[in-house]
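protein09.cif follows (mmCIF, C-alpha atoms and all ligand atoms):
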```cif
data_entry
loop_
_atom_site.label_atom_id
_atom_site.label_comp_id
_atom_site.auth_asym_id
_atom_site.auth_seq_id
_atom_site.Cartn_x
_atom_site.Cartn_y
_atom_site.Cartn_z
CA MET A 147 132.04 -12.82 200.03
CA LEU A 148 130.78 -16.05 198.61
CA ARG A 149 127.91 -15.62 196.26
CA CYS A 150 124.65 -17.04 197.49
CA LEU A 151 123.37 -19.67 195.10
CA LEU A 152 119.95 -20.10 196.58
CA PRO A 153 117.27 -17.82 198.00
CA ALA A 154 117.96 -16.24 201.33
CA ALA A 155 118.54 -18.57 204.22
CA LEU A 156 115.45 -19.58 206.10
CA LEU A 157 117.21 -19.74 209.38
CA LEU A 158 115.96 -18.49 212.66
CA PHE A 159 118.14 -19.20 215.60
CA THR A 160 117.73 -18.79 219.27
CA SER A 161 119.31 -15.64 220.53
CA ALA A 162 122.55 -16.95 221.89
CA PHE A 163 124.57 -20.04 222.49
CA ALA A 164 124.34 -19.38 226.16
CA SER A 165 123.88 -22.87 227.44
CA SER A 166 126.60 -23.71 229.88
CA ALA A 167 125.87 -27.41 229.72
CA GLN A 168 128.02 -29.23 227.25
CA PRO A 169 125.80 -30.85 224.62
CA ASN A 170 126.09 -34.46 223.67
CA ILE A 171 127.49 -34.85 220.16
CA LEU A 172 126.28 -37.59 217.82
CA LEU A 173 128.11 -37.71 214.49
CA ILE A 174 126.41 -40.11 212.09
CA LEU A 175 128.33 -40.96 208.93
CA ALA A 176 126.82 -42.89 206.04
CA ASP A 177 129.13 -44.68 203.64
CA ASP A 178 128.78 -43.98 199.91
CA LEU A 179 125.26 -42.54 200.16
CA GLY A 180 124.00 -40.95 196.94
CA TYR A 181 123.24 -37.23 197.04
CA ALA A 182 119.65 -37.80 195.90
CA ASP A 183 118.87 -40.93 197.89
CA THR A 184 117.01 -39.73 200.98
CA GLY A 185 113.61 -38.14 201.35
CA PHE A 186 115.06 -34.89 202.70
CA GLN A 187 117.21 -34.65 199.59
CA GLY A 188 114.16 -35.11 197.39
CA SER A 189 113.95 -38.85 196.80
CA ARG A 190 110.45 -40.16 196.23
CA GLU A 191 111.80 -43.64 195.71
CA ILE A 192 113.63 -44.36 198.97
CA PRO A 193 111.64 -43.70 202.15
CA THR A 194 113.78 -42.29 205.00
CA PRO A 195 111.22 -40.98 207.51
CA HIS A 196 113.59 -40.73 210.46
CA LEU A 197 116.25 -38.75 208.62
CA ASP A 198 113.53 -36.60 207.09
CA ALA A 199 112.22 -35.81 210.59
CA LEU A 200 115.76 -35.00 211.72
CA ALA A 201 116.10 -32.64 208.75
CA ALA A 202 112.75 -31.02 209.52
CA ARG A 203 113.81 -30.13 213.04
CA GLY A 204 117.38 -29.24 212.11
CA VAL A 205 119.39 -27.32 209.57
CA ARG A 206 119.85 -28.80 206.11
CA PHE A 207 122.90 -27.68 204.14
CA THR A 208 122.55 -27.48 200.38
CA GLN A 209 126.24 -27.00 199.57
CA ALA A 210 128.17 -29.15 201.99
CA TYR A 211 131.42 -30.77 200.96
CA VAL A 212 133.71 -33.48 202.16
CA THR A 213 137.45 -33.15 201.63
CA HIS A 214 137.88 -36.21 199.44
CA PRO A 215 135.72 -38.31 197.11
CA SER A 216 136.48 -41.62 198.81
CA CYS A 217 136.24 -43.15 202.24
CA SER A 218 139.41 -43.03 204.29
CA PRO A 219 140.91 -39.67 203.29
CA SER A 220 137.50 -38.06 203.79
CA ARG A 221 137.31 -39.56 207.29
CA ALA A 222 140.86 -38.43 208.05
CA GLY A 223 139.87 -34.84 207.24
CA LEU A 224 136.64 -35.10 209.20
CA LEU A 225 138.24 -36.48 212.35
CA THR A 226 141.29 -34.20 212.39
CA GLY A 227 139.67 -30.99 211.15
CA ARG A 228 142.61 -30.62 208.77
CA TYR A 229 143.07 -31.21 205.09
CA GLN A 230 144.32 -34.79 205.16
CA GLN A 231 146.96 -34.06 202.53
CA ARG A 232 148.72 -31.91 205.15
CA PHE A 233 149.80 -35.15 206.80
CA GLY A 234 149.95 -37.46 203.82
CA HIS A 235 146.67 -39.37 204.19
CA GLU A 236 145.66 -39.18 200.56
CA TYR A 237 144.71 -42.75 199.66
CA ASN A 238 142.45 -45.44 200.99
CA PRO A 239 144.62 -47.74 203.11
CA MET A 240 145.22 -51.25 201.89
CA TRP A 241 144.14 -54.04 204.25
CA LEU A 242 147.52 -54.49 205.95
CA PRO A 243 146.93 -55.01 209.67
CA ASN A 244 150.67 -55.53 210.31
CA ASP A 245 151.81 -52.38 208.54
CA THR A 246 152.68 -49.38 210.70
CA THR A 247 152.59 -46.85 207.86
CA VAL A 248 149.09 -47.44 206.52
CA GLY A 249 146.78 -45.42 208.75
CA LEU A 250 146.01 -42.00 210.16
CA PRO A 251 149.46 -40.59 211.01
CA LEU A 252 150.13 -40.53 214.73
CA THR A 253 151.22 -36.91 214.51
CA GLU A 254 147.54 -35.92 214.33
CA ARG A 255 145.12 -35.25 217.16
CA THR A 256 141.54 -36.30 216.55
CA LEU A 257 138.20 -34.82 217.46
CA ALA A 258 137.90 -37.54 220.09
CA ASP A 259 141.26 -36.52 221.60
CA ASP A 260 140.12 -32.93 221.99
CA LEU A 261 136.59 -33.71 223.19
CA ARG A 262 137.87 -36.26 225.67
CA ALA A 263 140.24 -33.63 227.03
CA ALA A 264 137.16 -31.42 227.47
CA GLY A 265 135.44 -34.05 229.62
CA TYR A 266 133.55 -36.06 227.04
CA ARG A 267 133.02 -39.80 227.01
CA THR A 268 133.94 -40.88 223.48
CA ALA A 269 132.99 -43.83 221.32
CA VAL A 270 133.28 -44.90 217.72
CA ILE A 271 130.83 -47.57 216.66
CA GLY A 272 131.03 -48.94 213.12
CA LYS A 273 133.57 -48.49 210.37
CA TRP A 274 137.01 -47.19 211.35
CA HIS A 275 139.11 -47.38 208.16
CA LEU A 276 141.93 -45.24 209.58
CA GLY A 277 144.45 -48.04 209.96
CA ALA A 278 144.16 -51.66 211.06
CA HIS A 279 147.51 -51.92 212.85
CA PRO A 280 147.16 -51.80 216.66
CA GLN A 281 148.95 -48.44 216.81
CA PHE A 282 146.06 -46.90 214.85
CA HIS A 283 143.34 -48.49 217.00
CA PRO A 284 140.54 -46.13 218.09
CA HIS A 285 141.67 -46.51 221.71
CA ALA A 286 144.93 -44.86 220.67
CA ARG A 287 143.09 -42.04 218.87
CA GLY A 288 140.94 -40.57 221.63
CA PHE A 289 138.09 -43.04 221.80
CA ASP A 290 137.17 -44.67 225.11
CA HIS A 291 135.04 -47.27 223.38
CA PHE A 292 135.16 -49.06 220.06
CA TYR A 293 132.72 -51.53 218.60
CA GLY A 294 132.89 -52.25 214.91
CA ILE A 295 135.24 -53.01 212.08
CA LEU A 296 138.78 -51.83 211.43
CA GLY A 297 138.66 -52.02 207.63
CA GLY A 298 136.93 -50.21 204.82
CA GLY A 299 133.69 -52.15 204.80
CA HIS A 300 131.97 -55.32 205.81
CA ASN A 301 129.55 -57.87 204.52
CA HIS A 302 126.19 -56.85 205.86
CA LEU A 303 124.98 -60.40 206.33
CA PRO A 304 127.09 -63.18 207.89
CA ALA A 305 126.50 -65.59 205.02
CA THR A 306 127.90 -63.24 202.36
CA LYS A 307 131.33 -64.05 200.97
CA THR A 308 133.51 -61.29 199.50
CA THR A 309 137.04 -60.45 200.66
CA VAL A 310 139.29 -61.05 203.66
CA GLU A 311 138.89 -57.40 204.67
CA TYR A 312 135.09 -57.55 204.45
CA GLU A 313 134.96 -60.84 206.33
CA ALA A 314 137.34 -59.74 209.09
CA PRO A 315 135.97 -59.95 212.63
CA LEU A 316 134.01 -57.27 214.32
CA TYR A 317 135.62 -56.03 217.51
CA SER A 318 134.39 -54.93 220.87
CA GLU A 319 137.32 -52.87 222.11
CA LYS A 320 140.17 -55.20 221.08
CA THR A 321 138.28 -58.48 221.32
CA ALA A 322 136.90 -60.16 218.21
CA VAL A 323 133.16 -60.77 218.36
CA PRO A 324 131.05 -62.83 215.99
CA HIS A 325 129.09 -61.25 213.17
CA THR A 326 125.70 -62.48 214.27
CA GLY A 327 123.20 -60.68 212.06
CA PHE A 328 122.55 -57.73 209.78
CA VAL A 329 125.52 -55.54 210.56
CA THR A 330 123.61 -52.24 210.60
CA ASP A 331 121.43 -53.65 213.37
CA GLN A 332 124.36 -55.20 215.21
CA LEU A 333 126.17 -51.85 215.27
CA THR A 334 123.00 -50.07 216.32
CA ASP A 335 122.44 -52.50 219.20
CA ALA A 336 125.98 -51.72 220.36
CA ALA A 337 125.30 -47.99 220.16
CA LEU A 338 122.08 -48.33 222.16
CA ALA A 339 123.89 -50.37 224.80
CA TRP A 340 126.63 -47.77 225.17
CA LEU A 341 124.14 -44.91 225.30
CA ALA A 342 121.97 -46.74 227.84
CA ALA A 343 124.65 -46.06 230.46
CA LYS A 344 123.95 -42.36 229.84
CA PRO A 345 127.53 -41.26 229.38
CA ALA A 346 127.46 -37.50 229.82
CA PRO A 347 128.44 -35.57 227.95
CA PHE A 348 129.12 -38.01 225.13
CA PHE A 349 130.68 -37.90 221.69
CA LEU A 350 129.48 -40.84 219.62
CA PHE A 351 130.86 -41.29 216.12
CA LEU A 352 128.31 -43.67 214.61
CA SER A 353 129.92 -44.79 211.40
CA TYR A 354 127.68 -47.12 209.43
CA THR A 355 128.93 -49.45 206.72
CA ALA A 356 125.72 -48.77 204.78
CA PRO A 357 124.90 -48.30 202.02
CA HIS A 358 128.39 -49.23 200.80
CA ALA A 359 128.66 -52.45 198.78
CA PRO A 360 128.12 -55.39 198.99
CA LEU A 361 124.42 -54.96 198.37
CA ASP A 362 123.39 -57.79 200.67
CA ALA A 363 120.48 -56.20 202.49
CA PRO A 364 118.04 -58.51 204.26
CA PRO A 365 115.66 -59.98 201.66
CA ALA A 366 112.55 -58.92 203.61
CA ASP A 367 113.71 -55.28 203.50
CA ILE A 368 114.46 -55.51 199.80
CA GLU A 369 110.96 -56.89 199.16
CA LYS A 370 109.41 -53.82 200.75
CA LEU A 371 110.84 -51.75 197.88
CA ALA A 372 109.17 -53.61 195.05
CA HIS A 373 108.37 -50.29 193.35
CA ILE A 374 112.08 -49.98 192.44
CA ALA A 375 112.49 -51.98 189.25
CA ASP A 376 116.27 -52.37 189.09
CA PRO A 377 117.24 -55.16 191.50
CA LYS A 378 120.63 -53.63 192.38
CA ARG A 379 119.16 -50.23 193.07
CA ARG A 380 116.41 -51.92 195.10
CA ALA A 381 119.00 -53.70 197.24
CA TYR A 382 121.04 -50.51 197.64
CA ALA A 383 117.85 -48.68 198.63
CA ALA A 384 117.17 -51.32 201.28
CA LEU A 385 120.58 -50.58 202.80
CA VAL A 386 119.48 -46.94 203.01
CA THR A 387 116.03 -47.61 204.50
CA THR A 388 117.43 -50.02 207.10
CA MET A 389 120.07 -47.46 208.08
CA ASP A 390 117.30 -44.88 208.41
CA ALA A 391 115.33 -47.21 210.67
CA ALA A 392 118.44 -47.85 212.76
CA ILE A 393 119.08 -44.11 213.16
CA GLY A 394 115.43 -43.80 214.19
CA ARG A 395 116.05 -46.29 217.01
CA VAL A 396 119.04 -44.31 218.28
CA LEU A 397 117.19 -41.00 218.19
CA GLU A 398 114.14 -42.53 219.89
CA GLN A 399 116.27 -43.84 222.76
CA LEU A 400 117.81 -40.39 223.20
CA ARG A 401 114.36 -38.83 223.17
CA ALA A 402 112.96 -41.34 225.66
CA SER A 403 115.86 -40.73 228.02
CA GLY A 404 115.50 -36.96 227.81
CA GLN A 405 118.85 -36.49 226.07
CA LEU A 406 117.78 -35.53 222.57
CA GLU A 407 117.07 -31.85 223.25
CA ASN A 408 120.68 -31.12 224.14
CA THR A 409 122.29 -33.48 221.66
CA LEU A 410 123.97 -31.97 218.64
CA VAL A 411 123.31 -34.48 215.86
CA VAL A 412 125.13 -34.35 212.54
CA PHE A 413 124.39 -36.59 209.59
CA LEU A 414 126.44 -36.72 206.39
CA SER A 415 127.94 -39.12 203.86
CA ASP A 416 131.69 -39.64 203.57
CA ASN A 417 131.66 -39.23 199.78
CA GLY A 418 129.32 -39.31 196.80
CA GLY A 419 127.46 -42.42 195.78
CA PRO A 420 128.95 -44.89 193.28
CA THR A 421 126.66 -44.97 190.30
CA SER A 422 128.06 -47.03 187.50
CA LYS A 423 131.79 -47.21 186.96
CA ARG A 424 133.08 -47.84 190.48
CA SER A 425 131.71 -50.60 192.72
CA PRO A 426 128.36 -49.90 191.13
CA ASN A 427 125.75 -49.34 193.79
CA HIS A 428 123.25 -47.73 191.48
CA ALA A 429 123.22 -44.71 193.74
CA SER A 430 121.96 -41.40 192.39
CA ASN A 431 123.74 -38.10 192.91
CA LEU A 432 121.34 -36.06 190.81
CA PRO A 433 121.20 -33.17 190.17
CA LEU A 434 124.98 -33.30 190.51
CA ARG A 435 127.43 -34.65 187.96
CA GLY A 436 129.82 -37.45 188.81
CA GLN A 437 130.17 -39.99 191.57
CA LYS A 438 132.44 -41.44 194.22
CA GLY A 439 136.04 -40.85 193.19
CA ASP A 440 135.30 -37.73 191.15
CA VAL A 441 136.11 -34.14 191.90
CA PHE A 442 132.90 -33.26 190.11
CA GLU A 443 130.23 -32.20 192.59
CA GLY A 444 128.73 -35.70 192.72
CA GLY A 445 131.94 -37.00 194.29
CA VAL A 446 132.37 -34.42 197.02
CA ARG A 447 129.08 -32.64 197.74
CA VAL A 448 127.05 -34.64 200.22
CA PRO A 449 123.79 -34.72 202.18
CA PHE A 450 124.50 -32.84 205.42
CA LEU A 451 122.30 -32.05 208.44
CA ILE A 452 122.81 -30.50 211.85
CA SER A 453 120.15 -30.78 214.53
CA TRP A 454 120.46 -29.30 218.02
CA PRO A 455 116.97 -28.64 219.30
CA ALA A 456 118.15 -26.79 222.43
CA GLN A 457 120.02 -24.21 220.36
CA LEU A 458 119.17 -24.23 216.69
CA ALA A 459 115.87 -23.51 215.01
CA PRO A 460 115.09 -25.41 211.81
CA GLY A 461 116.21 -24.00 208.49
CA VAL A 462 118.23 -24.33 205.33
CA TYR A 463 121.79 -23.04 205.04
CA PRO A 464 122.61 -22.24 201.41
CA HIS A 465 126.30 -21.33 201.53
CA PRO A 466 129.23 -23.70 201.04
CA VAL A 467 130.45 -25.51 204.13
CA SER A 468 132.99 -28.24 204.63
CA ALA A 469 133.22 -31.33 206.79
CA LEU A 470 136.34 -29.56 208.10
CA ASP A 471 133.99 -27.11 209.81
CA LEU A 472 132.60 -29.76 212.16
CA PHE A 473 135.72 -29.96 214.34
CA PRO A 474 135.75 -26.26 215.33
CA THR A 475 131.94 -26.27 215.55
CA PHE A 476 131.99 -29.16 218.00
CA LEU A 477 134.76 -27.58 220.06
CA ALA A 478 132.77 -24.35 220.30
CA ALA A 479 129.57 -26.17 221.28
CA ALA A 480 131.53 -28.08 223.92
CA HIS A 481 133.20 -24.90 225.25
CA ALA A 482 136.45 -26.69 224.53
CA THR A 483 139.72 -25.27 223.37
CA ARG A 484 142.37 -26.83 221.22
CA ARG A 485 145.65 -27.60 222.86
CA ALA A 486 148.09 -24.79 222.18
CA ASP A 487 150.69 -27.05 220.61
CA ALA A 488 148.21 -28.82 218.32
CA ALA A 489 148.30 -28.18 214.59
CA PRO A 490 145.89 -25.49 213.35
CA LEU A 491 142.45 -26.48 212.13
CA ASP A 492 141.36 -25.71 208.58
CA GLY A 493 137.62 -25.23 209.10
CA ALA A 494 135.37 -22.56 210.58
CA ASN A 495 133.01 -22.69 213.54
CA LEU A 496 129.56 -22.70 211.96
CA LEU A 497 127.61 -21.65 215.03
CA PRO A 498 128.01 -17.85 214.65
CA LEU A 499 127.09 -18.18 210.97
CA LEU A 500 123.98 -20.12 211.83
CA GLU A 501 123.05 -17.86 214.71
CA ASN A 502 122.54 -14.81 212.58
CA VAL A 503 121.35 -15.09 209.01
CA SER A 504 122.89 -11.72 208.12
CA THR A 505 126.36 -12.90 209.08
CA PRO A 506 128.22 -13.36 205.81
CA PRO A 507 129.75 -16.75 205.18
CA PRO A 508 133.53 -16.93 205.35
CA THR A 509 135.44 -15.78 202.30
CA ARG A 510 137.54 -18.78 201.50
CA THR A 511 138.48 -21.28 198.89
CA LEU A 512 137.80 -24.97 199.37
CA HIS A 513 140.47 -27.25 197.89
CA TRP A 514 140.73 -30.85 196.80
CA ARG A 515 143.74 -32.93 195.79
CA VAL A 516 143.37 -36.60 194.92
CA ASP A 517 145.85 -39.40 194.25
CA GLY A 518 148.94 -37.38 195.13
CA GLY A 519 148.07 -34.71 192.62
CA TYR A 520 146.42 -36.67 189.82
CA ALA A 521 143.38 -34.44 190.29
CA HIS A 522 143.07 -30.94 191.70
CA ALA A 523 139.93 -28.88 192.23
CA LEU A 524 138.81 -25.78 194.05
CA ARG A 525 135.61 -23.95 194.87
CA SER A 526 135.68 -20.17 195.17
CA GLY A 527 132.38 -18.30 195.24
CA SER A 528 130.27 -19.96 192.61
CA TRP A 529 133.34 -20.96 190.59
CA LYS A 530 134.50 -24.54 190.37
CA TRP A 531 137.91 -25.14 188.83
CA MET A 532 139.48 -28.55 188.27
CA ARG A 533 142.31 -30.31 186.52
CA VAL A 534 142.33 -34.08 186.16
CA GLY A 535 145.26 -36.07 184.82
CA GLU A 536 146.59 -34.75 181.54
CA LYS A 537 143.29 -33.15 180.55
CA PRO A 538 143.15 -29.37 180.24
CA ALA A 539 141.87 -27.54 183.31
CA GLN A 540 138.13 -26.89 183.38
CA LEU A 541 136.12 -24.08 184.89
CA PHE A 542 132.42 -24.06 185.72
CA ASP A 543 130.04 -21.52 187.21
CA LEU A 544 127.87 -23.56 189.57
CA GLU A 545 125.32 -20.78 189.88
CA THR A 546 124.34 -21.02 186.23
CA ASP A 547 125.62 -24.53 185.54
CA PRO A 548 125.14 -26.74 188.60
CA TYR A 549 125.66 -29.95 186.58
CA GLU A 550 129.12 -28.80 185.42
CA THR A 551 128.40 -29.27 181.73
CA LYS A 552 129.79 -26.08 180.23
CA ASP A 553 133.53 -25.63 180.57
CA ILE A 554 134.16 -21.89 180.47
CA ALA A 555 137.91 -21.96 181.11
CA ALA A 556 138.63 -20.50 177.67
CA GLU A 557 136.13 -17.68 178.12
CA HIS A 558 137.60 -16.81 181.52
CA ALA A 559 141.22 -17.62 180.82
CA GLU A 560 142.64 -15.10 183.25
CA ARG A 561 140.46 -16.33 186.10
CA ALA A 562 141.21 -19.96 185.25
CA ALA A 563 144.93 -19.20 185.30
CA GLN A 564 144.57 -17.51 188.67
CA PHE A 565 142.77 -20.56 190.09
CA ALA A 566 145.47 -22.85 188.69
CA LYS A 567 148.04 -20.73 190.50
CA GLU A 568 146.02 -20.73 193.70
CA SER A 569 145.58 -24.49 193.60
CA ALA A 570 149.30 -25.03 192.96
CA ALA A 571 150.19 -22.68 195.82
CA TRP A 572 147.92 -24.62 198.19
CA SER A 573 149.27 -27.92 196.97
CA ALA A 574 152.81 -26.70 197.61
CA THR A 575 151.97 -26.42 201.33
CA LEU A 576 151.11 -30.14 201.49
CA VAL A 577 153.29 -33.20 201.93
CA GLU A 578 153.71 -36.26 199.78
CA PRO A 579 151.39 -39.17 200.63
CA VAL A 580 152.83 -41.30 203.44
CA PHE A 581 151.25 -44.39 201.90
CA VAL A 582 150.11 -45.07 198.38
CA ASN A 583 147.46 -47.47 197.23
CA GLN A 584 148.12 -48.13 193.58
CA ALA A 585 145.31 -50.65 193.42
CA PHE A 586 142.78 -47.98 194.17
CA ARG A 587 142.59 -45.18 191.70
CA ASN A 588 140.31 -42.64 193.30
CA THR A 589 139.61 -40.46 190.39
CA VAL A 590 137.17 -41.62 187.77
CA ASN A 591 135.78 -38.36 186.49
CA GLU A 592 133.34 -39.77 184.03
CA CA A 601 132.69 -44.13 201.42
#
```
Let's see the structure in the file written out as structure tokens.
Amino acid sequence: MLRCLLPAALLLFTSAFASSAQPNILLILADDLGYADTGFQGSREIPTPHLDALAARGVRFTQAYVTHPSCSPSRAGLLTGRYQQRFGHEYNPMWLPNDTTVGLPLTERTLADDLRAAGYRTAVIGKWHLGAHPQFHPHARGFDHFYGILGGGHNHLPATKTTVEYEAPLYSEKTAVPHTGFVTDQLTDAALAWLAAKPAPFFLFLSYTAPHAPLDAPPADIEKLAHIADPKRRAYAALVTTMDAAIGRVLEQLRASGQLENTLVVFLSDNGGPTSKRSPNHASNLPLRGQKGDVFEGGVRVPFLISWPAQLAPGVYPHPVSALDLFPTFLAAAHATRRADAAPLDGANLLPLLENVSTPPPTRTLHWRVDGGYAHALRSGSWKWMRVGEKPAQLFDLETDPYETKDIAAEHAERAAQFAKESAAWSATLVEPVFVNQAFRNTVNE
């Protein structure tokens, strides 16, 4: 059994998941959000009242992980429910819209494929980043509707100049549309328009480009945060507060239309915030060490909420969970089954765990592999083991050392050796990356 790192869970759940009606599912993904940079995560600097309210009426997870410390591989794991290294999606794709190898391999079924098969209307609005070639288009990956960008990010304001990828058109389905204003608001308007038709049940993957760089938030929103002295952190914070306001608009429309009660809403970030060495956003991941790109906790442990007012009472879940768990959780909530010939999922359905606080969390090891094996890490109980590059393997006990400062591999040599073996055995079940992005070295590990 995994050791509990925090006081007993404060969960109280309704007696059963007896509802026969399929819930709507709203999956909101922030891009490069710092662990500490919302009110519900403890920030007193960056006001996020709508996310805080969502946290207050939902379940907040204090040890939630993504499968990779950077954008695209993390999204590949999230949307397939499988460790992305099982199918070679281990790097961020280069911006190569004519390349048929750089994208989420077509062997994989997505969450949208399975939910659509269960009767859901499906949409992705925002950042895709799972391949820009037409064969990887969201329409080919289970989504009825797409509005957003195919690449890894976008200028937030039309006047900003950065790169070809970040200045590429937005698309409505397969038609280019002009970038007319602050992109967070433009994406949100598209989401509200799609939801206004009351698709039922719906699965909406709302994938914001905020607060990823560039830090070109609207000046008026930056000015509201004058209490933040550092101008870059102030601009980054404005990308967070404007995303929070946008999420507030979506939730308010669902409330006003009577849909919120039976909508399962999930909010998380795709990886840790960049703090200093990589695309510096001046995000904060405190009290965790490291940042985007690292296998330290700051790279892979993320803010994570689930709200489903019709079924789940508010609380805090203190045991480790993974973004991989969302796929089976959504299928269970939707009373959907996976196609018999589909590849097995790696996560666990969280609903039974959340239903009864005395249910022990699953005994399992969470694994990471980055850059085709440049970095390996695992989490087992409160232990965190990692090996990066040519450096000796390190071992930490997160219960007593949450900031990963004291390497105890030498003191626990036998255990460290066992973890090295376990990590190698897991890695041996994976495939080589199907595309490699040499220009993007994921692992920083400050
Ligand atoms: Ca990201």
**Request:** Can you work out which one of A:Val323, A:Ile452, A:Met389, A:Ala359 has the shortest atom-to-atom distance to Thr308 (chain A), counting only C-alpha atoms?
**Result:** A:Ala359
**Request:** For region 510-520 of chain A, work out the shell of residues within 9 Å, counting all atoms listed in the file and skipping chain neighbours fewer than 3 positions away, then give it as a ChimeraX atom specification.
**Result:** /A:147-148,211,213-215,229,231,234,236-237,439-441,466-468,507,523-527,532-536,569,572-573,578-579,582-583,587-589
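For the choices A:Asn427, A:Asn170, A:Thr330, A:Thr321, the atom-to-atom distance to ligand CA 601 (chain A) is smallest for A:Asn427 when using all atoms listed in the file.
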**Message:** Quick one: residues within 10 Å of Leu397 (chain A), all atoms listed in the file, excluding same-chain residues fewer than 2 positions away - as a PyMOL selection string?
**Reply:** chain A and resi 172+196-197+200+338+391-395+399-403+405-406+409+411
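The interatomic distance for the pair CA of Pro365 (chain A) and CA of Ala384 (chain A) works out to 8.8 Å.
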At most 12 Å from ligand CA 601 (chain A) (only C-alpha atoms and all ligand atoms): residue list as a CSV table (one decimal) with C-alpha atoms, keeping the file's coordinate frame:
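Written out: selection-v5.csv:
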```
chain,number,residue,atom,x,y,z
A,175,LEU,CA,128.3,-41.0,208.9
A,176,ALA,CA,126.8,-42.9,206.0
A,177,ASP,CA,129.1,-44.7,203.6
A,178,ASP,CA,128.8,-44.0,199.9
A,179,LEU,CA,125.3,-42.5,200.2
A,180,GLY,CA,124.0,-41.0,196.9
A,212,VAL,CA,133.7,-33.5,202.2
A,213,THR,CA,137.4,-33.2,201.6
A,214,HIS,CA,137.9,-36.2,199.4
A,215,PRO,CA,135.7,-38.3,197.1
A,216,SER,CA,136.5,-41.6,198.8
A,217,CYS,CA,136.2,-43.2,202.2
A,218,SER,CA,139.4,-43.0,204.3
A,219,PRO,CA,140.9,-39.7,203.3
A,220,SER,CA,137.5,-38.1,203.8
A,221,ARG,CA,137.3,-39.6,207.3
A,222,ALA,CA,140.9,-38.4,208.0
A,238,ASN,CA,142.4,-45.4,201.0
A,273,LYS,CA,133.6,-48.5,210.4
A,274,TRP,CA,137.0,-47.2,211.4
A,275,HIS,CA,139.1,-47.4,208.2
A,297,GLY,CA,138.7,-52.0,207.6
A,298,GLY,CA,136.9,-50.2,204.8
A,299,GLY,CA,133.7,-52.2,204.8
A,353,SER,CA,129.9,-44.8,211.4
A,354,TYR,CA,127.7,-47.1,209.4
A,355,THR,CA,128.9,-49.4,206.7
A,356,ALA,CA,125.7,-48.8,204.8
A,357,PRO,CA,124.9,-48.3,202.0
A,358,HIS,CA,128.4,-49.2,200.8
A,359,ALA,CA,128.7,-52.4,198.8
A,414,LEU,CA,126.4,-36.7,206.4
A,415,SER,CA,127.9,-39.1,203.9
A,416,ASP,CA,131.7,-39.6,203.6
A,417,ASN,CA,131.7,-39.2,199.8
A,418,GLY,CA,129.3,-39.3,196.8
A,419,GLY,CA,127.5,-42.4,195.8
A,420,PRO,CA,129.0,-44.9,193.3
A,424,ARG,CA,133.1,-47.8,190.5
A,425,SER,CA,131.7,-50.6,192.7
A,427,ASN,CA,125.8,-49.3,193.8
A,437,GLN,CA,130.2,-40.0,191.6
A,438,LYS,CA,132.4,-41.4,194.2
A,439,GLY,CA,136.0,-40.8,193.2
A,445,GLY,CA,131.9,-37.0,194.3
A,446,VAL,CA,132.4,-34.4,197.0
A,448,VAL,CA,127.0,-34.6,200.2
A,588,ASN,CA,140.3,-42.6,193.3
```
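For the pair CA of Thr208 (chain A) and CA of Thr421 (chain A), the separation is 20.6 Å.
Checking A:Ile271, A:Leu276, A:Ala201, A:Leu451 one by one against Thr247 (chain A), counting only C-alpha atoms, you find the shortest gap at A:Leu276.
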**Request:** Could you tell me which of A:Gln209, A:Ala494, A:Asp390, A:Phe581 comes closest to Ser528 (chain A) if we count all atoms listed in the file?
**Result:**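 Of A:Gln209, A:Ala494, A:Asp390, A:Phe581, the one nearest Ser528 (chain A) is A:Gln209, counting all atoms listed in the file.
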**Message:** Using all atoms listed in the file for the distances, tell me which of A:Leu333, A:Leu458, A:Ala383, A:Leu316 is nearest to Ser430 (chain A).
**Reply:**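 Among the listed residues, the smallest separation from Ser430 (chain A) belongs to A:Ala383.
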**Message:** One decimal, in Å: what's the spacing between CA of Leu350 (chain A) and CA of Ala269 (chain A)?
**Reply:** 4.9 Å
Give the padded box for region 265-282 of chain A as lines of an AutoDock Vina configuration file: axis-aligned, covering all atoms listed in the file, 6 Å on each side, centre and edge lengths in Å to one decimal.
```
center_x = 139.9
center_y = -43.0
center_z = 218.9
size_x = 30.1
size_y = 29.9
size_z = 33.5
```
**Message:** For a cutoff of 6 Å around the file-coordinate point (135.7, -55.1, 210.7), which residues qualify once you count only C-alpha atoms? I'd like the result as a ChimeraX atom specification.
**Reply:** /A:294-297,314-316
